[in-house]
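Shown next: upload04.cif, given as mmCIF, C-alpha atoms.
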data_entry
#
loop_
_atom_site.label_atom_id
_atom_site.label_comp_id
_atom_site.auth_asym_id
_atom_site.auth_seq_id
_atom_site.Cartn_x
_atom_site.Cartn_y
_atom_site.Cartn_z
CA MET X 138 20.31 -20.61 23.09
CA ASP X 139 21.35 -23.02 20.35
CA ARG X 140 18.07 -24.91 20.47
CA LEU X 141 16.10 -21.67 20.43
CA ASP X 142 18.08 -20.67 17.35
CA GLU X 143 17.03 -23.95 15.73
CA TRP X 144 13.40 -23.18 16.50
CA LEU X 145 13.79 -19.67 15.13
CA ALA X 146 15.47 -20.99 11.97
CA LEU X 147 12.48 -23.28 11.44
CA ALA X 148 10.15 -20.31 11.88
CA ARG X 149 12.21 -18.25 9.43
CA SER X 150 11.87 -20.86 6.72
CA ASP X 151 8.14 -21.23 7.42
CA VAL X 152 7.53 -17.47 7.45
CA GLY X 153 9.56 -17.11 4.25
CA ARG X 154 6.96 -19.16 2.39
CA ARG X 155 4.08 -16.88 3.31
CA LEU X 156 2.94 -14.40 0.69
CA PRO X 157 0.05 -11.94 0.54
CA ASP X 158 -3.10 -12.87 -1.36
CA PRO X 159 -2.64 -12.01 -5.10
CA LEU X 160 -5.90 -10.04 -4.86
CA VAL X 161 -4.06 -7.40 -2.85
CA GLU X 162 -1.72 -6.75 -5.76
CA GLN X 163 -4.69 -6.65 -8.14
CA ARG X 164 -6.54 -4.12 -6.00
CA LEU X 165 -3.44 -1.95 -5.76
CA LEU X 166 -2.85 -2.09 -9.51
CA ASP X 167 -6.45 -0.97 -10.04
CA ARG X 168 -5.68 1.94 -7.76
CA VAL X 169 -2.61 2.83 -9.86
CA ARG X 170 -4.79 2.76 -12.99
CA GLU X 171 -7.37 5.03 -11.41
CA ARG X 172 -4.61 7.38 -10.34
CA ARG X 173 -3.20 7.49 -13.86
CA ALA X 174 -6.68 8.08 -15.25
CA LEU X 175 -7.20 11.04 -12.93
CA GLN X 176 -3.81 12.42 -13.91
CA SER X 177 -4.66 12.11 -17.59
CA VAL X 178 -7.97 13.87 -16.99
CA ALA X 179 -6.13 16.68 -15.24
CA ALA X 180 -3.61 16.87 -18.08
CA ALA X 181 -6.39 16.93 -20.67
CA ARG X 182 -7.92 19.94 -18.95
CA LEU X 183 -4.72 22.00 -18.79
CA PRO X 184 -4.46 23.10 -22.44
CA ARG X 185 -7.75 24.99 -22.17
CA VAL X 186 -6.40 27.12 -19.36
CA ARG X 187 -2.87 27.86 -20.49
CA PRO X 188 -3.54 29.73 -23.77
CA ALA X 189 -5.98 32.00 -21.99
CA LEU X 190 -3.29 33.00 -19.49
CA HIS X 191 -0.83 33.78 -22.28
CA ARG X 192 -3.36 35.94 -24.05
CA VAL X 193 -4.13 38.01 -20.99
CA ARG X 194 -0.59 38.93 -19.95
CA PRO X 195 0.44 41.22 -22.92
CA ARG X 196 -2.77 43.23 -22.57
CA PHE X 197 -1.99 44.38 -19.09
CA TRP X 198 -2.10 48.07 -20.10
CA PHE X 199 -5.88 48.28 -20.14
CA GLY X 200 -6.26 46.35 -16.94
CA VAL X 201 -7.26 49.43 -14.92
CA PRO X 202 -10.03 50.64 -17.30
CA ALA X 203 -11.26 47.08 -17.58
CA VAL X 204 -11.52 46.81 -13.81
CA LEU X 205 -13.41 50.14 -13.61
CA ALA X 206 -15.80 49.09 -16.37
CA SER X 207 -16.36 45.72 -14.70
CA ALA X 208 -17.07 47.42 -11.37
CA ALA X 209 -19.62 49.74 -13.03
CA LEU X 210 -21.31 46.83 -14.78
CA ALA X 211 -21.34 44.79 -11.59
CA GLY X 212 -22.93 47.71 -9.70
CA ALA X 213 -25.60 48.10 -12.36
CA ALA X 214 -26.25 44.36 -12.37
CA LEU X 215 -26.54 44.37 -8.59
CA LEU X 216 -29.15 47.19 -8.74
CA VAL X 217 -31.16 45.37 -11.39
CA TRP X 218 -30.96 42.11 -9.48
CA THR X 219 -31.97 43.76 -6.18
CA PHE X 220 -35.11 45.37 -7.59
CA SER X 221 -36.21 42.73 -10.06
CA PRO X 222 -38.69 39.95 -9.23
CA PRO X 223 -37.22 36.46 -8.78
CA VAL X 224 -36.86 34.59 -12.05
CA GLU X 225 -36.66 30.85 -12.37
CA THR X 226 -33.36 29.59 -13.70
CA THR X 227 -33.34 28.55 -17.30
CA GLU X 228 -30.86 25.68 -16.95
CA PRO X 229 -32.65 22.39 -16.65
CA ARG X 230 -31.48 20.23 -13.75
CA LEU X 231 -29.08 17.63 -15.11
CA ALA X 232 -29.51 14.19 -13.68
CA ALA X 233 -26.94 12.81 -16.06
CA THR X 234 -26.39 13.52 -19.73
CA PRO X 235 -25.57 10.77 -22.18
CA PHE X 236 -21.86 10.16 -22.74
CA PHE X 237 -20.26 12.45 -25.34
CA ALA X 238 -17.69 10.51 -27.35
CA LEU X 239 -14.28 12.17 -27.47
CA VAL X 240 -12.68 9.56 -29.73
CA GLY X 241 -13.98 7.46 -32.60
CA ALA X 242 -16.70 4.91 -31.87
CA ASP X 243 -14.31 2.13 -32.96
CA ALA X 244 -11.84 3.06 -30.24
CA ILE X 245 -14.58 2.99 -27.63
CA ALA X 246 -15.97 -0.32 -28.88
CA ALA X 247 -12.47 -1.82 -28.87
CA GLU X 248 -11.94 -1.02 -25.19
CA ARG X 249 -12.87 -4.14 -23.26
CA SER X 250 -12.71 -2.88 -19.72
CA PRO X 251 -12.97 0.88 -19.56
CA ILE X 252 -12.84 2.71 -16.25
CA VAL X 253 -15.25 5.44 -15.13
CA VAL X 254 -13.60 8.23 -13.16
CA GLU X 255 -15.61 10.94 -11.42
CA SER X 256 -14.34 14.49 -11.40
CA THR X 257 -15.63 18.04 -11.77
CA LEU X 258 -15.31 20.58 -14.55
CA PRO X 259 -16.04 24.31 -14.75
CA ARG X 260 -19.74 24.74 -15.53
CA VAL X 261 -18.94 26.76 -18.68
CA THR X 262 -17.65 23.49 -20.17
CA LEU X 263 -21.30 22.51 -20.67
CA ALA X 264 -21.46 25.11 -23.46
CA ASP X 265 -18.68 23.29 -25.33
CA TYR X 266 -21.04 20.32 -25.62
CA GLY X 267 -24.08 22.35 -26.66
CA LEU X 268 -25.68 22.17 -23.22
CA PRO X 269 -27.38 25.17 -21.57
CA VAL X 270 -25.48 27.04 -18.86
CA ASP X 271 -27.27 28.95 -16.13
CA PRO X 272 -25.49 32.34 -15.88
CA ALA X 273 -26.30 32.49 -12.17
CA ARG X 274 -24.29 29.32 -11.58
CA VAL X 275 -21.51 29.94 -14.06
CA ASP X 276 -18.87 30.03 -11.32
CA GLU X 277 -19.86 26.63 -9.96
CA ALA X 278 -18.35 23.33 -10.96
CA VAL X 279 -20.37 20.60 -12.58
CA GLY X 280 -19.96 16.89 -11.91
CA ALA X 281 -18.44 14.88 -14.75
CA GLU X 282 -17.79 11.22 -15.37
CA PHE X 283 -14.95 10.30 -17.67
CA LEU X 284 -14.83 7.02 -19.49
CA LEU X 285 -11.19 6.01 -19.78
CA SER X 286 -9.37 3.21 -21.46
CA ARG X 287 -7.09 1.01 -19.34
CA ALA X 288 -4.20 2.94 -20.89
CA GLY X 289 -5.61 6.17 -19.47
CA VAL X 290 -7.02 7.69 -22.70
CA VAL X 291 -10.19 9.73 -22.16
CA LEU X 292 -12.85 8.11 -24.38
CA ALA X 293 -16.01 9.94 -23.43
CA VAL X 294 -17.46 12.32 -20.89
CA ARG X 295 -20.87 12.92 -19.38
CA PHE X 296 -22.13 15.52 -16.97
CA LYS X 297 -24.27 15.06 -13.90
CA GLU X 298 -25.41 16.93 -10.85
CA MET Z 1033 26.83 -16.99 21.01
CA SER Z 1034 26.46 -17.50 17.30
CA ASN Z 1035 23.19 -18.31 15.68
CA ALA Z 1036 22.25 -20.66 12.86
CA ARG Z 1037 23.14 -18.13 10.22
CA GLY Z 1038 26.63 -17.64 11.48
CA PHE Z 1039 26.06 -14.10 12.72
CA LEU Z 1040 27.18 -13.13 16.16
CA ALA Z 1041 24.02 -12.39 18.08
CA PHE Z 1042 25.16 -8.91 19.07
CA ASP Z 1043 27.41 -8.04 16.19
CA PRO Z 1044 26.94 -4.26 15.81
CA ASN Z 1045 28.03 -4.37 12.19
CA ARG Z 1046 25.64 -7.08 11.23
CA PRO Z 1047 24.31 -6.08 7.81
CA ALA Z 1048 21.65 -7.88 5.75
CA ALA Z 1049 23.24 -6.54 2.59
CA GLY Z 1050 26.34 -4.55 1.77
CA ARG Z 1051 26.10 -0.78 1.86
CA HIS Z 1052 26.68 -0.63 -1.88
CA ASP Z 1053 23.78 -3.05 -2.48
CA ALA Z 1054 21.57 -1.03 -0.17
CA ARG Z 1055 22.35 2.17 -2.05
CA GLU Z 1056 21.64 0.49 -5.38
CA LEU Z 1057 18.35 -0.89 -4.09
CA SER Z 1058 17.41 2.49 -2.70
CA ALA Z 1059 18.10 4.16 -6.06
CA ARG Z 1060 16.00 1.53 -7.86
CA ASP Z 1061 13.23 1.95 -5.31
CA LEU Z 1062 13.17 5.69 -5.82
CA SER Z 1063 13.11 5.41 -9.58
CA ASP Z 1064 10.34 2.79 -9.50
CA LEU Z 1065 8.37 4.81 -6.98
CA GLU Z 1066 8.53 7.93 -9.10
CA ARG Z 1067 7.27 6.00 -12.13
CA ALA Z 1068 4.57 4.25 -10.11
CA ARG Z 1069 3.28 7.56 -8.80
CA ALA Z 1070 3.08 8.76 -12.39
CA GLY Z 1071 0.80 5.80 -13.11
CA ASP Z 1072 3.29 3.21 -14.38
CA GLU Z 1073 1.70 -0.13 -13.45
CA GLN Z 1074 4.81 -2.09 -14.33
CA ALA Z 1075 6.98 -0.03 -12.00
CA PHE Z 1076 4.44 -0.38 -9.22
CA ALA Z 1077 4.26 -4.15 -9.71
CA VAL Z 1078 8.05 -4.39 -9.48
CA LEU Z 1079 8.07 -2.33 -6.31
CA TYR Z 1080 5.22 -4.34 -4.82
CA ARG Z 1081 6.80 -7.70 -5.57
CA ARG Z 1082 10.11 -6.53 -4.17
CA HIS Z 1083 8.77 -5.39 -0.81
CA SER Z 1084 5.33 -6.85 -0.15
CA PRO Z 1085 6.49 -10.29 1.05
CA ALA Z 1086 8.56 -8.82 3.90
CA VAL Z 1087 5.83 -6.34 4.84
CA PHE Z 1088 3.21 -9.09 4.79
CA ARG Z 1089 5.28 -11.46 6.92
CA TYR Z 1090 6.01 -8.75 9.43
CA ALA Z 1091 2.33 -7.80 9.71
CA TRP Z 1092 1.31 -11.46 9.87
CA LEU Z 1093 3.73 -12.17 12.70
CA LEU Z 1094 2.45 -9.13 14.58
CA THR Z 1095 -1.24 -9.85 14.14
CA GLY Z 1096 -1.44 -13.61 13.60
CA SER Z 1097 -4.10 -12.97 10.97
CA GLU Z 1098 -3.55 -13.28 7.23
CA SER Z 1099 -6.43 -10.95 6.41
CA ALA Z 1100 -5.26 -8.28 8.86
CA ALA Z 1101 -1.75 -8.62 7.43
CA ALA Z 1102 -3.07 -8.30 3.86
CA ASP Z 1103 -4.98 -5.15 4.88
CA ALA Z 1104 -1.82 -3.76 6.45
CA VAL Z 1105 0.11 -4.43 3.23
CA GLN Z 1106 -2.57 -2.79 1.13
CA GLU Z 1107 -2.70 0.29 3.32
CA ALA Z 1108 1.09 0.55 3.42
CA PHE Z 1109 1.33 0.59 -0.38
CA ILE Z 1110 -1.61 2.97 -0.79
CA GLY Z 1111 0.11 5.28 1.67
CA LEU Z 1112 3.30 5.03 -0.32
CA LEU Z 1113 1.52 5.75 -3.58
CA GLU Z 1114 -0.64 8.61 -2.44
CA ALA Z 1115 1.26 10.44 0.29
CA SER Z 1116 3.83 12.03 -1.98
CA ASP Z 1117 5.66 13.62 0.95
CA GLY Z 1118 5.50 10.57 3.23
CA PHE Z 1119 8.61 8.65 2.28
CA ASP Z 1120 11.91 10.40 2.89
CA PRO Z 1121 14.90 8.34 1.67
CA ALA Z 1122 17.16 10.34 3.98
CA ARG Z 1123 15.36 8.85 6.99
CA GLY Z 1124 15.57 5.19 6.02
CA SER Z 1125 14.94 2.58 3.38
CA LEU Z 1126 11.66 2.07 1.60
CA ALA Z 1127 11.34 -1.35 3.26
CA ALA Z 1128 11.59 0.31 6.68
CA TYR Z 1129 9.03 2.93 5.68
CA LEU Z 1130 6.54 0.31 4.47
CA CYS Z 1131 7.04 -1.84 7.56
CA GLY Z 1132 6.52 1.25 9.68
CA ILE Z 1133 3.10 1.90 8.12
CA ALA Z 1134 2.20 -1.79 8.30
CA ARG Z 1135 3.22 -1.83 11.96
CA PHE Z 1136 0.86 1.04 12.71
CA ARG Z 1137 -2.01 -0.68 10.86
CA ALA Z 1138 -1.24 -4.05 12.42
CA TYR Z 1139 -1.28 -2.65 15.94
CA ARG Z 1140 -4.59 -1.02 15.21
CA ALA Z 1141 -5.93 -4.43 14.17
CA VAL Z 1142 -4.68 -6.20 17.28
CA ASP Z 1143 -6.76 -5.91 20.40
CA ARG Z 1144 -4.15 -4.29 22.55
CA ARG Z 1145 -6.04 -5.02 25.73
CA GLN Z 1146 -5.02 -8.62 25.29
CA GLU Z 1147 -1.36 -7.79 24.90
CA THR Z 1148 0.94 -9.33 27.43
CA VAL Z 1149 2.65 -6.68 29.46
CA GLY Z 1150 5.52 -6.86 31.83
CA ASP Z 1151 9.16 -7.69 31.70
CA ILE Z 1152 11.28 -10.78 32.03
CA ASP Z 1153 12.95 -9.79 35.23
CA GLY Z 1154 12.63 -12.62 37.70
CA ILE Z 1155 12.27 -15.33 35.12
CA GLU Z 1156 14.34 -18.36 35.80
CA ARG Z 1157 14.74 -21.14 33.35
CA GLU Z 1158 14.53 -24.47 35.00
CA GLY Z 1159 14.00 -26.71 32.01
CA GLU Z 1160 15.80 -27.13 28.74
CA LEU Z 1161 14.24 -26.39 25.38
CA THR Z 1162 13.50 -29.65 23.62
CA PRO Z 1163 15.13 -30.42 20.27
CA LEU Z 1164 12.93 -29.89 17.25
CA PRO Z 1165 10.89 -32.98 16.40
CA LEU Z 1166 11.72 -34.75 13.15
CA ASP Z 1167 8.16 -35.71 12.30
CA ALA Z 1168 6.49 -33.14 10.00
CA LEU Z 1169 3.25 -33.03 11.98
CA GLU Z 1170 5.11 -32.59 15.24
CA ARG Z 1171 7.23 -29.86 13.68
CA SER Z 1172 4.10 -28.09 12.54
CA ARG Z 1173 2.75 -28.26 16.12
CA ALA Z 1174 6.06 -26.97 17.40
CA LEU Z 1175 5.81 -24.03 15.02
CA ASP Z 1176 2.30 -23.24 16.22
CA ARG Z 1177 3.63 -23.28 19.77
CA LEU Z 1178 6.49 -20.99 18.80
CA TYR Z 1179 4.21 -18.49 17.01
CA SER Z 1180 1.82 -18.53 19.92
CA ALA Z 1181 4.68 -17.82 22.32
CA ILE Z 1182 5.99 -15.01 20.08
CA ARG Z 1183 2.56 -13.39 20.05
CA ARG Z 1184 2.39 -13.56 23.84
CA LEU Z 1185 5.64 -11.64 24.18
CA PRO Z 1186 5.33 -8.01 25.25
CA PRO Z 1187 4.91 -5.94 22.06
CA ALA Z 1188 8.23 -4.15 22.44
CA PHE Z 1189 10.13 -7.45 22.63
CA ARG Z 1190 8.02 -9.18 20.04
CA GLU Z 1191 8.58 -6.67 17.27
CA VAL Z 1192 12.34 -6.59 17.75
CA LEU Z 1193 12.47 -10.40 17.70
CA ILE Z 1194 10.35 -10.48 14.52
CA LEU Z 1195 12.37 -7.82 12.73
CA VAL Z 1196 15.84 -9.07 13.60
CA GLU Z 1197 15.44 -12.81 14.04
CA LEU Z 1198 12.61 -13.69 11.67
CA GLN Z 1199 12.89 -10.92 9.08
CA GLU Z 1200 16.68 -10.81 9.30
CA MET Z 1201 16.80 -7.05 9.21
CA PRO Z 1202 19.93 -5.16 10.23
CA TYR Z 1203 19.74 -3.60 13.69
CA ALA Z 1204 19.71 -0.10 12.25
CA GLU Z 1205 16.67 -0.83 10.11
CA ALA Z 1206 14.85 -2.56 12.96
CA ALA Z 1207 15.62 0.45 15.14
CA ALA Z 1208 14.21 2.81 12.49
CA ILE Z 1209 10.98 0.81 12.21
CA ALA Z 1210 10.46 0.42 15.94
CA GLY Z 1211 11.49 4.01 16.59
CA ILE Z 1212 14.16 3.11 19.14
CA GLU Z 1213 17.94 3.27 19.48
CA ILE Z 1214 20.14 0.46 18.16
CA GLY Z 1215 21.31 -0.29 21.70
CA THR Z 1216 17.70 -0.74 22.76
CA VAL Z 1217 17.17 -3.16 19.88
CA ARG Z 1218 20.06 -5.25 21.16
CA SER Z 1219 18.89 -5.34 24.75
CA ARG Z 1220 15.27 -6.03 23.84
CA LEU Z 1221 16.31 -8.80 21.49
CA SER Z 1222 18.34 -10.47 24.19
CA ARG Z 1223 15.49 -10.28 26.67
CA ALA Z 1224 12.94 -11.37 24.07
CA LYS Z 1225 14.96 -14.48 23.33
CA ALA Z 1226 15.38 -15.29 26.98
CA ARG Z 1227 11.67 -14.90 27.56
CA LEU Z 1228 10.76 -16.91 24.50
CA ALA Z 1229 13.04 -19.75 25.55
CA SER Z 1230 11.45 -19.66 28.96
CA MET Z 1231 7.95 -19.79 27.50
CA LEU Z 1232 8.82 -22.71 25.25
CA CYS Z 1233 10.30 -24.60 28.18
CA GLY Z 1234 7.00 -24.10 29.96
CA THR Z 1235 8.59 -22.43 32.95
CA GLU Z 1236 7.41 -18.88 32.36
CA THR Z 1237 6.66 -16.87 35.45
CA SER Z 1238 4.27 -13.95 35.24
CA GLY Z 1239 6.26 -10.84 34.51
#

Now, as a test, write the supplied structure out as structure tokens.
Amino acid sequence: MDRLDEWLALARSDVGRRLPDPLVEQRLLDRVRERRALQSVAAARLPRVRPALHRVRPRFWFGVPAVLASAALAGAALLVWTFSPPVETTEPRLAATPFFALVGADAIAAERSPIVVESTLPRVTLADYGLPVDPARVDEAVGAEFLLSRAGVVLAVRFKE
Amino acid sequence: MSNARGFLAFDPNRPAAGRHDARELSARDLSDLERARAGDEQAFAVLYRRHSPAVFRYAWLLTGSESAAADAVQEAFIGLLEASDGFDPARGSLAAYLCGIARFRAYRAVDRRQETVGDIDGIEREGELTPLPLDALERSRALDRLYSAIRRLPPAFREVLILVELQEMPYAEAAAIAGIEIGTVRSRLSRAKARLASMLCGTETSG
């Protein structure tokens, strides 16, 4: 086996010189950046939800009347909807809005290679940007594209269907 | 039966690194992995540079294709990054986990219908393996012959030979990657070497 061991030692030293194409590392690092960008988008959306939860909890005592009132309103709305003629929705179909800047224009201009990350947001978010919201679709999500810096800062957002 | 590196071929305690080193490496891996999953590029780069060469070489030896090996490396690291519950340090090292994913991808890339099957029972070596040539070109040809012979080994033998002999992994780690017992690693390695020697002597009989 000694000669085979010599052959294998030669192979070991040859194999030891082989390395993956540097492009693989580059592609993977891009993936890490995208992942961080998505995480920062998710983190940016959390503060809007948390305060609302804190506000609701102490007011638990009128939960039951609120539910009854909501049920009555929902019943009335259902009756009206059932017997009313179909109405065209008021919300115009969004192909894609322009980008809404979330930081100063200087910061956006200074970013040399921003990343665009697709995500979704609650449709009511449209109202925050002065865009019309169709009440019939208020529970649906709306497509959003976030422009992010390489460091993961959200620079701008636009909405699209 | 000692090999060129001074290890006994069947030494059950043959480690690639001390246990203390392995624990330290494992702790560093875990810390880097946690930071990489949180989006730390630097930590990911460190982790990638630490493990990708071994994963690439393993996949290259299995497939014989640099592009298939690069794909296997990429998929192994994506799996590591995105399957947050995939890697369990209690079940083995990160290197073993990555090689395990790469192995799966590499086998998918190889046309398994062309794999050599069979065993080495009945093989008799009549010739002697020639010494390695001194001339660089001849050595390069010899290497091609060796790699070609390794790739014609039955998969079960080939991967053990690659992991233990060419990647210099401890038996336990090779066993974890191949999903077999340490004793099986030993016996397969012995048979793989016998078969390889036979192939290189040009006296292989069909298994």

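Proximity of Z:Pro1121, Z:Leu1130, Z:Gln1106, Z:Arg1082 to chain X, computed with only C-alpha atoms, is greatest for Z:Gln1106.
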
Could the residues of chain X that have an atom at most 10 Å from chain Z be listed as CSV, each with its closest atom pair and the distance in Å to one decimal, counting all atoms listed in the file and ordered by chain and ascending residue number?
residue,atom,partner,partner_atom,distance
X:Met138,CA,Z:Ala1229,CA,7.7
X:Asp139,CA,Z:Asn1035,CA,6.9
X:Arg140,CA,Z:Pro1163,CA,6.2
X:Leu141,CA,Z:Ala1229,CA,6.3
X:Asp142,CA,Z:Asn1035,CA,5.9
X:Glu143,CA,Z:Ala1036,CA,6.8
X:Trp144,CA,Z:Leu1164,CA,6.8
X:Leu145,CA,Z:Leu1198,CA,7.0
X:Ala146,CA,Z:Ala1036,CA,6.8
X:Leu147,CA,Z:Leu1175,CA,7.6
X:Ala148,CA,Z:Leu1175,CA,6.5
X:Arg149,CA,Z:Leu1198,CA,5.1
X:Ser150,CA,Z:Leu1198,CA,8.7
X:Asp151,CA,Z:Leu1175,CA,8.4
X:Val152,CA,Z:Arg1089,CA,6.4
X:Gly153,CA,Z:Arg1089,CA,7.6
X:Arg154,CA,Z:Pro1085,CA,9.0
X:Arg155,CA,Z:Arg1089,CA,6.6
X:Leu156,CA,Z:Pro1085,CA,5.4
X:Pro157,CA,Z:Ala1102,CA,5.8
X:Asp158,CA,Z:Ala1102,CA,6.9
X:Pro159,CA,Z:Ala1102,CA,9.7
X:Leu160,CA,Z:Ala1102,CA,9.3
X:Val161,CA,Z:Gln1106,CA,6.3
X:Glu162,CA,Z:Tyr1080,CA,7.4
X:Gln163,CA,Z:Ala1077,CA,9.4
X:Arg164,CA,Z:Gln1106,CA,8.3
X:Leu165,CA,Z:Gln1106,CA,7.0
X:Leu166,CA,Z:Glu1073,CA,6.3
X:Asp167,CA,Z:Glu1073,CA,8.9
X:Arg168,CA,Z:Ile1110,CA,8.1
X:Val169,CA,Z:Gly1071,CA,5.6
X:Arg170,CA,Z:Gly1071,CA,6.4
X:Glu171,CA,Z:Gly1071,CA,8.4
X:Arg172,CA,Z:Gly1071,CA,6.3
X:Arg173,CA,Z:Gly1071,CA,4.4
X:Ala174,CA,Z:Gly1071,CA,8.1
X:Leu175,CA,Z:Gly1071,CA,9.6
X:Gln176,CA,Z:Ala1070,CA,7.9
X:Ser177,CA,Z:Gly1071,CA,9.5
X:Ala288,CA,Z:Gly1071,CA,9.7
X:Gly289,CA,Z:Gly1071,CA,9.0

Open item on the list: Just the number, please: distance in Å from CA of Ala1128 (chain Z) to CA of Ala1208 (chain Z), one decimal.
Closed with: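 Here the two named atoms are 6.8 Å from each other.
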
Open item on the list: Here's the selection I'm unsure about, the PyMOL selection byres ((chain X and resi 235) around 6); applied to the file above, which residues does it give, as a ChimeraX atom specification?
Closed with: /X:234,236,295

Task: For CA of Lys297 (chain X) and CA of Val279 (chain X), the interatomic separation in Å (one decimal) - done: 6.9 Å

Open item on the list: One decimal, in Å: what's the spacing between CA of Val1196 (chain Z) and CA of Val1078 (chain Z)?
Closed with: 24.8 Å

Open item on the list: At a cut-off of 8 Å, using only C-alpha atoms, what residues contact Leu1185 (chain Z)? Leave out same-chain residues fewer than 2 positions from it and give the result as a PyMOL selection string.
Closed with: chain Z and resi 1148-1149+1181-1183+1187+1189-1190+1224+1227-1228
